[in-house]
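Novice: So here's query07.pdb (PDB, C-alpha atoms).
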ATOM      1  CA  MET A   1     114.205 109.418  88.600  1.00  0.00           C
ATOM      2  CA  THR A   2     115.973 112.711  89.123  1.00  0.00           C
ATOM      3  CA  ALA A   3     119.438 113.625  90.270  1.00  0.00           C
ATOM      4  CA  THR A   4     118.010 114.534  93.702  1.00  0.00           C
ATOM      5  CA  ASP A   5     116.563 111.063  94.305  1.00  0.00           C
ATOM      6  CA  ARG A   6     118.359 109.039  96.961  1.00  0.00           C
ATOM      7  CA  ALA A   7     118.598 105.249  97.037  1.00  0.00           C
ATOM      8  CA  TYR A   8     117.330 103.409 100.119  1.00  0.00           C
ATOM      9  CA  VAL A   9     117.115  99.905 101.513  1.00  0.00           C
ATOM     10  CA  ALA A  10     114.043  98.962 103.574  1.00  0.00           C
ATOM     11  CA  LEU A  11     113.678  95.802 105.654  1.00  0.00           C
ATOM     12  CA  LEU A  12     110.334  94.607 106.971  1.00  0.00           C
ATOM     13  CA  ARG A  13     110.306  92.643 110.193  1.00  0.00           C
ATOM     14  CA  ALA A  14     108.825  89.125 110.347  1.00  0.00           C
ATOM     15  CA  VAL A  15     107.289  89.028 106.865  1.00  0.00           C
ATOM     16  CA  ASN A  16     106.455  85.679 105.239  1.00  0.00           C
ATOM     17  CA  VAL A  17     107.436  83.731 108.352  1.00  0.00           C
ATOM     18  CA  GLY A  18     105.167  82.202 110.961  1.00  0.00           C
ATOM     19  CA  GLY A  19     102.008  82.668 108.918  1.00  0.00           C
ATOM     20  CA  THR A  20     102.487  86.395 108.232  1.00  0.00           C
ATOM     21  CA  VAL A  21     102.122  86.632 104.466  1.00  0.00           C
ATOM     22  CA  LEU A  22     102.735  89.674 102.289  1.00  0.00           C
ATOM     23  CA  LYS A  23     103.031  89.299  98.528  1.00  0.00           C
ATOM     24  CA  MET A  24     106.000  91.245  97.225  1.00  0.00           C
ATOM     25  CA  GLU A  25     103.989  92.660  94.310  1.00  0.00           C
ATOM     26  CA  ARG A  26     101.557  94.184  96.812  1.00  0.00           C
ATOM     27  CA  LEU A  27     104.463  95.572  98.819  1.00  0.00           C
ATOM     28  CA  ARG A  28     105.893  97.171  95.654  1.00  0.00           C
ATOM     29  CA  ARG A  29     102.538  98.736  94.827  1.00  0.00           C
ATOM     30  CA  ALA A  30     102.153 100.080  98.371  1.00  0.00           C
ATOM     31  CA  ALA A  31     105.612 101.679  98.177  1.00  0.00           C
ATOM     32  CA  GLU A  32     104.902 103.136  94.739  1.00  0.00           C
ATOM     33  CA  GLY A  33     101.663 104.566  96.135  1.00  0.00           C
ATOM     34  CA  LEU A  34     103.807 106.662  98.479  1.00  0.00           C
ATOM     35  CA  GLY A  35     105.584 108.174  95.484  1.00  0.00           C
ATOM     36  CA  LEU A  36     108.710 106.066  95.842  1.00  0.00           C
ATOM     37  CA  SER A  37     110.400 105.292  92.539  1.00  0.00           C
ATOM     38  CA  ASP A  38     112.411 102.425  91.061  1.00  0.00           C
ATOM     39  CA  VAL A  39     110.868 100.151  93.710  1.00  0.00           C
ATOM     40  CA  ARG A  40     112.229  96.611  93.699  1.00  0.00           C
ATOM     41  CA  THR A  41     111.891  93.697  96.081  1.00  0.00           C
ATOM     42  CA  LEU A  42     114.509  91.101  96.838  1.00  0.00           C
ATOM     43  CA  LEU A  43     113.539  87.578  97.866  1.00  0.00           C
ATOM     44  CA  GLN A  44     110.207  86.996  99.607  1.00  0.00           C
ATOM     45  CA  SER A  45     111.187  88.214 103.059  1.00  0.00           C
ATOM     46  CA  GLY A  46     110.269  91.892 102.977  1.00  0.00           C
ATOM     47  CA  ASN A  47     113.295  93.543 101.383  1.00  0.00           C
ATOM     48  CA  LEU A  48     112.798  96.722  99.363  1.00  0.00           C
ATOM     49  CA  VAL A  49     115.173  98.908  97.412  1.00  0.00           C
ATOM     50  CA  PHE A  50     113.820 102.227  96.158  1.00  0.00           C
ATOM     51  CA  ARG A  51     114.591 105.835  95.357  1.00  0.00           C
ATOM     52  CA  SER A  52     113.028 108.890  96.929  1.00  0.00           C
ATOM     53  CA  ARG A  53     113.509 112.641  97.148  1.00  0.00           C
ATOM     54  CA  ALA A  54     112.911 112.343 100.887  1.00  0.00           C
ATOM     55  CA  SER A  55     115.962 112.791 103.074  1.00  0.00           C
ATOM     56  CA  ASP A  56     114.560 111.492 106.383  1.00  0.00           C
ATOM     57  CA  PRO A  57     114.753 107.685 106.717  1.00  0.00           C
ATOM     58  CA  ALA A  58     112.701 107.746 109.951  1.00  0.00           C
ATOM     59  CA  ARG A  59     109.834 109.456 108.140  1.00  0.00           C
ATOM     60  CA  LEU A  60     110.033 106.912 105.317  1.00  0.00           C
ATOM     61  CA  GLU A  61     109.864 104.123 107.931  1.00  0.00           C
ATOM     62  CA  GLU A  62     106.735 105.635 109.461  1.00  0.00           C
ATOM     63  CA  GLU A  63     105.064 106.165 106.078  1.00  0.00           C
ATOM     64  CA  LEU A  64     105.813 102.608 104.938  1.00  0.00           C
ATOM     65  CA  GLN A  65     104.609 101.139 108.245  1.00  0.00           C
ATOM     66  CA  ARG A  66     101.369 103.150 108.070  1.00  0.00           C
ATOM     67  CA  THR A  67     100.762 102.280 104.423  1.00  0.00           C
ATOM     68  CA  ILE A  68     101.402  98.561 104.913  1.00  0.00           C
ATOM     69  CA  ALA A  69      99.106  98.512 107.941  1.00  0.00           C
ATOM     70  CA  ALA A  70      96.339 100.339 106.060  1.00  0.00           C
ATOM     71  CA  SER A  71      96.584  98.512 102.728  1.00  0.00           C
ATOM     72  CA  GLU A  72      97.537  95.030 103.927  1.00  0.00           C
ATOM     73  CA  GLY A  73      96.267  94.946 107.509  1.00  0.00           C
ATOM     74  CA  LEU A  74      99.810  94.078 108.606  1.00  0.00           C
ATOM     75  CA  ALA A  75     101.416  95.857 111.547  1.00  0.00           C
ATOM     76  CA  THR A  76     105.157  95.383 111.142  1.00  0.00           C
ATOM     77  CA  ASP A  77     108.299  97.346 111.808  1.00  0.00           C
ATOM     78  CA  VAL A  78     110.137  98.797 108.826  1.00  0.00           C
ATOM     79  CA  PHE A  79     113.836  99.651 108.952  1.00  0.00           C
ATOM     80  CA  VAL A  80     115.013 102.128 106.291  1.00  0.00           C
ATOM     81  CA  ARG A  81     118.665 102.812 105.579  1.00  0.00           C
ATOM     82  CA  PRO A  82     120.115 105.168 102.977  1.00  0.00           C
ATOM     83  CA  ALA A  83     122.154 103.203 100.423  1.00  0.00           C
ATOM     84  CA  ARG A  84     125.371 104.859 101.612  1.00  0.00           C
ATOM     85  CA  GLU A  85     124.702 103.655 105.190  1.00  0.00           C
ATOM     86  CA  TRP A  86     123.935 100.144 103.928  1.00  0.00           C
ATOM     87  CA  ARG A  87     127.246 100.205 102.065  1.00  0.00           C
ATOM     88  CA  GLU A  88     128.945 101.144 105.357  1.00  0.00           C
ATOM     89  CA  VAL A  89     127.283  98.096 106.949  1.00  0.00           C
ATOM     90  CA  LEU A  90     128.945  95.958 104.311  1.00  0.00           C
ATOM     91  CA  LEU A  91     132.338  97.667 104.603  1.00  0.00           C
ATOM     92  CA  GLY A  92     132.271  97.741 108.420  1.00  0.00           C
ATOM     93  CA  ASN A  93     131.850  93.999 108.857  1.00  0.00           C
ATOM     94  CA  PRO A  94     133.950  92.960 111.874  1.00  0.00           C
ATOM     95  CA  PHE A  95     133.831  89.295 110.774  1.00  0.00           C
ATOM     96  CA  PRO A  96     135.388  89.344 107.273  1.00  0.00           C
ATOM     97  CA  GLN A  97     136.594  85.746 107.336  1.00  0.00           C
ATOM     98  CA  GLU A  98     133.127  84.440 108.244  1.00  0.00           C
ATOM     99  CA  ALA A  99     131.693  86.467 105.367  1.00  0.00           C
ATOM    100  CA  VAL A 100     133.913  84.469 103.018  1.00  0.00           C
ATOM    101  CA  ASP A 101     133.840  81.058 104.695  1.00  0.00           C
ATOM    102  CA  ASP A 102     130.157  80.773 105.633  1.00  0.00           C
ATOM    103  CA  PRO A 103     128.109  83.879 104.720  1.00  0.00           C
ATOM    104  CA  GLY A 104     124.818  82.148 105.538  1.00  0.00           C
ATOM    105  CA  ARG A 105     125.817  82.000 109.226  1.00  0.00           C
ATOM    106  CA  LEU A 106     126.816  85.669 109.426  1.00  0.00           C
ATOM    107  CA  VAL A 107     123.815  87.867 110.133  1.00  0.00           C
ATOM    108  CA  VAL A 108     123.279  91.619 110.340  1.00  0.00           C
ATOM    109  CA  THR A 109     120.472  92.793 112.589  1.00  0.00           C
ATOM    110  CA  ALA A 110     119.219  96.282 111.745  1.00  0.00           C
ATOM    111  CA  LEU A 111     118.042  98.068 114.886  1.00  0.00           C
ATOM    112  CA  LYS A 112     115.594 100.928 115.369  1.00  0.00           C
ATOM    113  CA  GLY A 113     118.143 102.855 117.389  1.00  0.00           C
ATOM    114  CA  PRO A 114     121.710 102.560 118.634  1.00  0.00           C
ATOM    115  CA  PRO A 115     121.821 100.802 122.009  1.00  0.00           C
ATOM    116  CA  PRO A 116     124.001 102.207 124.793  1.00  0.00           C
ATOM    117  CA  PRO A 117     127.298 100.425 125.541  1.00  0.00           C
ATOM    118  CA  SER A 118     125.790  98.880 128.693  1.00  0.00           C
ATOM    119  CA  ALA A 119     123.141  97.110 126.580  1.00  0.00           C
ATOM    120  CA  TRP A 120     125.825  95.521 124.397  1.00  0.00           C
ATOM    121  CA  THR A 121     127.556  94.325 127.570  1.00  0.00           C
ATOM    122  CA  GLU A 122     124.286  92.780 128.788  1.00  0.00           C
ATOM    123  CA  LEU A 123     123.770  91.055 125.445  1.00  0.00           C
ATOM    124  CA  HIS A 124     127.291  89.601 125.443  1.00  0.00           C
ATOM    125  CA  ALA A 125     126.751  88.264 128.979  1.00  0.00           C
ATOM    126  CA  ALA A 126     123.486  86.601 127.881  1.00  0.00           C
ATOM    127  CA  ILE A 127     124.858  84.750 124.841  1.00  0.00           C
ATOM    128  CA  PRO A 128     123.991  81.122 125.555  1.00  0.00           C
ATOM    129  CA  GLY A 129     126.261  79.400 123.052  1.00  0.00           C
ATOM    130  CA  ARG A 130     129.176  79.883 120.680  1.00  0.00           C
ATOM    131  CA  GLU A 131     127.627  82.872 118.916  1.00  0.00           C
ATOM    132  CA  ARG A 132     129.643  86.056 118.583  1.00  0.00           C
ATOM    133  CA  VAL A 133     128.158  89.554 118.425  1.00  0.00           C
ATOM    134  CA  GLN A 134     129.675  92.900 117.528  1.00  0.00           C
ATOM    135  CA  GLY A 135     127.553  96.038 117.690  1.00  0.00           C
ATOM    136  CA  ILE A 136     128.268  99.032 115.498  1.00  0.00           C
ATOM    137  CA  GLY A 137     125.778 101.900 115.756  1.00  0.00           C
ATOM    138  CA  ARG A 138     122.322 100.695 114.725  1.00  0.00           C
ATOM    139  CA  HIS A 139     123.549  97.283 113.574  1.00  0.00           C
ATOM    140  CA  ALA A 140     124.521  94.030 115.238  1.00  0.00           C
ATOM    141  CA  TYR A 141     126.778  91.616 113.391  1.00  0.00           C
ATOM    142  CA  ILE A 142     126.218  88.087 114.628  1.00  0.00           C
ATOM    143  CA  VAL A 143     128.037  84.870 113.799  1.00  0.00           C
ATOM    144  CA  TYR A 144     125.963  81.729 114.357  1.00  0.00           C
ATOM    145  CA  PRO A 145     128.603  78.963 114.009  1.00  0.00           C
ATOM    146  CA  ASP A 146     126.025  76.227 114.688  1.00  0.00           C
ATOM    147  CA  GLY A 147     123.274  77.842 112.607  1.00  0.00           C
ATOM    148  CA  GLN A 148     120.613  80.357 113.515  1.00  0.00           C
ATOM    149  CA  GLY A 149     117.660  77.948 113.532  1.00  0.00           C
ATOM    150  CA  ARG A 150     118.672  76.080 116.687  1.00  0.00           C
ATOM    151  CA  SER A 151     120.386  78.952 118.456  1.00  0.00           C
ATOM    152  CA  LYS A 152     119.078  80.270 121.739  1.00  0.00           C
ATOM    153  CA  LEU A 153     120.365  83.726 120.720  1.00  0.00           C
ATOM    154  CA  THR A 154     116.990  84.720 119.289  1.00  0.00           C
ATOM    155  CA  ILE A 155     115.734  88.065 118.069  1.00  0.00           C
ATOM    156  CA  ALA A 156     113.545  88.242 121.206  1.00  0.00           C
ATOM    157  CA  LEU A 157     116.608  87.913 123.453  1.00  0.00           C
ATOM    158  CA  ILE A 158     118.577  90.410 121.363  1.00  0.00           C
ATOM    159  CA  GLU A 159     115.754  92.957 121.486  1.00  0.00           C
ATOM    160  CA  ARG A 160     115.215  92.475 125.219  1.00  0.00           C
ATOM    161  CA  LYS A 161     118.896  93.019 126.038  1.00  0.00           C
ATOM    162  CA  LEU A 162     119.437  95.901 123.600  1.00  0.00           C
ATOM    163  CA  GLY A 163     116.130  97.613 124.390  1.00  0.00           C
ATOM    164  CA  THR A 164     115.203  98.175 120.751  1.00  0.00           C
ATOM    165  CA  ARG A 165     113.461  96.345 117.903  1.00  0.00           C
ATOM    166  CA  GLY A 166     115.379  94.657 115.119  1.00  0.00           C
ATOM    167  CA  THR A 167     115.236  92.507 112.015  1.00  0.00           C
ATOM    168  CA  SER A 168     117.970  90.248 110.664  1.00  0.00           C
ATOM    169  CA  ARG A 169     119.346  89.315 107.256  1.00  0.00           C
ATOM    170  CA  ASN A 170     122.134  86.896 106.436  1.00  0.00           C
ATOM    171  CA  TRP A 171     125.298  88.133 104.764  1.00  0.00           C
ATOM    172  CA  ASN A 172     124.275  86.890 101.322  1.00  0.00           C
ATOM    173  CA  THR A 173     121.139  89.046 101.496  1.00  0.00           C
ATOM    174  CA  VAL A 174     123.073  92.028 102.885  1.00  0.00           C
ATOM    175  CA  ARG A 175     125.383  91.872  99.851  1.00  0.00           C
ATOM    176  CA  LYS A 176     122.495  91.489  97.380  1.00  0.00           C
ATOM    177  CA  LEU A 177     120.681  94.477  98.881  1.00  0.00           C
ATOM    178  CA  GLU A 178     123.824  96.607  98.673  1.00  0.00           C
ATOM    179  CA  ALA A 179     124.321  95.652  95.019  1.00  0.00           C
ATOM    180  CA  ALA A 180     120.667  96.420  94.182  1.00  0.00           C
ATOM    181  CA  ALA A 181     120.835  99.811  95.945  1.00  0.00           C
ATOM    182  CA  SER A 182     123.994 100.697  94.010  1.00  0.00           C
ATOM    183  CA  GLU A 183     122.473 100.077  90.561  1.00  0.00           C
TER
END
What is this file in structure tokens?

Specialist:
Amino acid sequence: MTATDRAYVALLRAVNVGGTVLKMERLRRAAEGLGLSDVRTLLQSGNLVFRSRASDPARLEEELQRTIAASEGLATDVFVRPAREWREVLLGNPFPQEAVDDPGRLVVTALKGPPPPSAWTELHAAIPGRERVQGIGRHAYIVYPDGQGRSKLTIALIERKLGTRGTSRNWNTVRKLEAAASE
């Protein structure tokens, strides 16, 4: 690692759910094959923390997506955030009390791009239950007071209303990723 290396967080969409299996060791090796350094995974759900000299997260997303597709035969979206942006996700949480009281029911959805204000309005109008959503840039903060598993506010509905792809992590995972990227 050099002083010019930057820390990043990468999230893979829909990995190790619904029959889509990717061993984290294989994911680490694929990332290392791209020249990424200090590559670590967190949990079994497609979370990477790494360092790179690259300064373009979108290019890193494309390279990781291509590499995973070629080496693992898995077409999945990858969402890369510089560590400083991931820290801002943590600090910008509009639901601080929920983060303390029930962090497993507070979710951050990383989005490919920032939706326009009208899309957020459409999403709010489509919320079928007690869920609460606050959009900030390329991230949606969602509180699932009755749990995410039974909620009708699904990732498919969120993506349809916002017009962009996304992947979600609960607050506990968000915090762990931020800590790992800060090491």

Novice: For CA of Ala99 in chain A and CA of Gly147 in chain A, quote the distance in Å rounded to one decimal.

Specialist: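 Here the two named atoms are 14.1 Å from each other.
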
Novice: Grab the CA of Leu12 in chain A to CA of Val39 in chain A distance for me, in Å with one decimal place.

Specialist: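 Result for CA of Leu12 in chain A versus CA of Val39 in chain A: 14.4 Å, one decimal.
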
Novice: Mind giving me the straight-line distance from CA of Ser71 in chain A to CA of Gly35 in chain A in Å, one decimal?

Specialist: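 Between CA of Ser71 in chain A and CA of Gly35 in chain A the gap works out to 15.1 Å.
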
Novice: For range 46-117 of chain A against range 29-32 of chain A, with a cut-off of 8 Å and counting all atoms listed in the file, what is the closest atom pair and its distance in Å to one decimal for every residue that makes the cut, ordered by chain and number, as JSON lines?

Specialist:
{"residue": "A:Leu64", "atom": "CA", "partner": "A:Ala31", "partner_atom": "CA", "distance": 6.8}
{"residue": "A:Thr67", "atom": "CA", "partner": "A:Ala30", "partner_atom": "CA", "distance": 6.6}
{"residue": "A:Ile68", "atom": "CA", "partner": "A:Ala30", "partner_atom": "CA", "distance": 6.8}
{"residue": "A:Ser71", "atom": "CA", "partner": "A:Ala30", "partner_atom": "CA", "distance": 7.2}

Novice: Go through A:Phe50, A:Tyr8, A:Tyr144, A:Trp120 one by one, measure the shortest atom-to-atom distance of each to Trp171 in chain A using all atoms listed in the file, and give the residue with the smallest value.

Specialist: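 Using all atoms listed in the file, the shortest distance to Trp171 in chain A belongs to A:Tyr144.
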
Novice: Decode the PyMOL selection byres ((chain A and resi 136) around 12) for the given file into explicit residues and return them as a PDB file with C-alpha atoms, in the frame of the given file.

Specialist:
ATOM      1  CA  GLU A  85     124.702 103.655 105.190  1.00  0.00           C
ATOM      2  CA  GLU A  88     128.945 101.144 105.357  1.00  0.00           C
ATOM      3  CA  VAL A  89     127.283  98.096 106.949  1.00  0.00           C
ATOM      4  CA  LEU A  90     128.945  95.958 104.311  1.00  0.00           C
ATOM      5  CA  LEU A  91     132.338  97.667 104.603  1.00  0.00           C
ATOM      6  CA  GLY A  92     132.271  97.741 108.420  1.00  0.00           C
ATOM      7  CA  ASN A  93     131.850  93.999 108.857  1.00  0.00           C
ATOM      8  CA  PRO A  94     133.950  92.960 111.874  1.00  0.00           C
ATOM      9  CA  VAL A 108     123.279  91.619 110.340  1.00  0.00           C
ATOM     10  CA  THR A 109     120.472  92.793 112.589  1.00  0.00           C
ATOM     11  CA  ALA A 110     119.219  96.282 111.745  1.00  0.00           C
ATOM     12  CA  LEU A 111     118.042  98.068 114.886  1.00  0.00           C
ATOM     13  CA  GLY A 113     118.143 102.855 117.389  1.00  0.00           C
ATOM     14  CA  PRO A 114     121.710 102.560 118.634  1.00  0.00           C
ATOM     15  CA  PRO A 115     121.821 100.802 122.009  1.00  0.00           C
ATOM     16  CA  PRO A 116     124.001 102.207 124.793  1.00  0.00           C
ATOM     17  CA  PRO A 117     127.298 100.425 125.541  1.00  0.00           C
ATOM     18  CA  TRP A 120     125.825  95.521 124.397  1.00  0.00           C
ATOM     19  CA  VAL A 133     128.158  89.554 118.425  1.00  0.00           C
ATOM     20  CA  GLN A 134     129.675  92.900 117.528  1.00  0.00           C
ATOM     21  CA  GLY A 135     127.553  96.038 117.690  1.00  0.00           C
ATOM     22  CA  GLY A 137     125.778 101.900 115.756  1.00  0.00           C
ATOM     23  CA  ARG A 138     122.322 100.695 114.725  1.00  0.00           C
ATOM     24  CA  HIS A 139     123.549  97.283 113.574  1.00  0.00           C
ATOM     25  CA  ALA A 140     124.521  94.030 115.238  1.00  0.00           C
ATOM     26  CA  TYR A 141     126.778  91.616 113.391  1.00  0.00           C
ATOM     27  CA  ILE A 142     126.218  88.087 114.628  1.00  0.00           C
TER      28      ILE A 142
END

Novice: Of the candidates A:Ala58, A:Leu36, A:Leu157, A:Leu43, which shows the shortest atom-to-atom distance to Asn172 in chain A, using only C-alpha atoms?

Specialist: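 That would be A:Leu43, the residue with the smallest distance to Asn172 in chain A.
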
Novice: Taking into account all atoms listed in the file, which residue in the set A:Gln97, A:Thr76, A:Ser118, A:Ser151 is nearest to Gly166 in chain A?

Specialist: A:Thr76

Novice: Hey, what comes out of the PyMOL selection byres ((chain A and resi 180) around 12) on this file? Could you write it as an MDAnalysis selection string?

Specialist: chainID A and resid 7:10 38:43 47:51 83 86:87 173:179 181:183

Novice: Dump C-alpha atoms for the selected residues as a PDB file, in the coordinates of the input?

Specialist:
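Saved file part05.pdb follows:
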ATOM      1  CA  ALA A   7     118.598 105.249  97.037  1.00  0.00           C
ATOM      2  CA  TYR A   8     117.330 103.409 100.119  1.00  0.00           C
ATOM      3  CA  VAL A   9     117.115  99.905 101.513  1.00  0.00           C
ATOM      4  CA  ALA A  10     114.043  98.962 103.574  1.00  0.00           C
ATOM      5  CA  ASP A  38     112.411 102.425  91.061  1.00  0.00           C
ATOM      6  CA  VAL A  39     110.868 100.151  93.710  1.00  0.00           C
ATOM      7  CA  ARG A  40     112.229  96.611  93.699  1.00  0.00           C
ATOM      8  CA  THR A  41     111.891  93.697  96.081  1.00  0.00           C
ATOM      9  CA  LEU A  42     114.509  91.101  96.838  1.00  0.00           C
ATOM     10  CA  LEU A  43     113.539  87.578  97.866  1.00  0.00           C
ATOM     11  CA  ASN A  47     113.295  93.543 101.383  1.00  0.00           C
ATOM     12  CA  LEU A  48     112.798  96.722  99.363  1.00  0.00           C
ATOM     13  CA  VAL A  49     115.173  98.908  97.412  1.00  0.00           C
ATOM     14  CA  PHE A  50     113.820 102.227  96.158  1.00  0.00           C
ATOM     15  CA  ARG A  51     114.591 105.835  95.357  1.00  0.00           C
ATOM     16  CA  ALA A  83     122.154 103.203 100.423  1.00  0.00           C
ATOM     17  CA  TRP A  86     123.935 100.144 103.928  1.00  0.00           C
ATOM     18  CA  ARG A  87     127.246 100.205 102.065  1.00  0.00           C
ATOM     19  CA  THR A 173     121.139  89.046 101.496  1.00  0.00           C
ATOM     20  CA  VAL A 174     123.073  92.028 102.885  1.00  0.00           C
ATOM     21  CA  ARG A 175     125.383  91.872  99.851  1.00  0.00           C
ATOM     22  CA  LYS A 176     122.495  91.489  97.380  1.00  0.00           C
ATOM     23  CA  LEU A 177     120.681  94.477  98.881  1.00  0.00           C
ATOM     24  CA  GLU A 178     123.824  96.607  98.673  1.00  0.00           C
ATOM     25  CA  ALA A 179     124.321  95.652  95.019  1.00  0.00           C
ATOM     26  CA  ALA A 181     120.835  99.811  95.945  1.00  0.00           C
ATOM     27  CA  SER A 182     123.994 100.697  94.010  1.00  0.00           C
ATOM     28  CA  GLU A 183     122.473 100.077  90.561  1.00  0.00           C
TER      29      GLU A 183
END
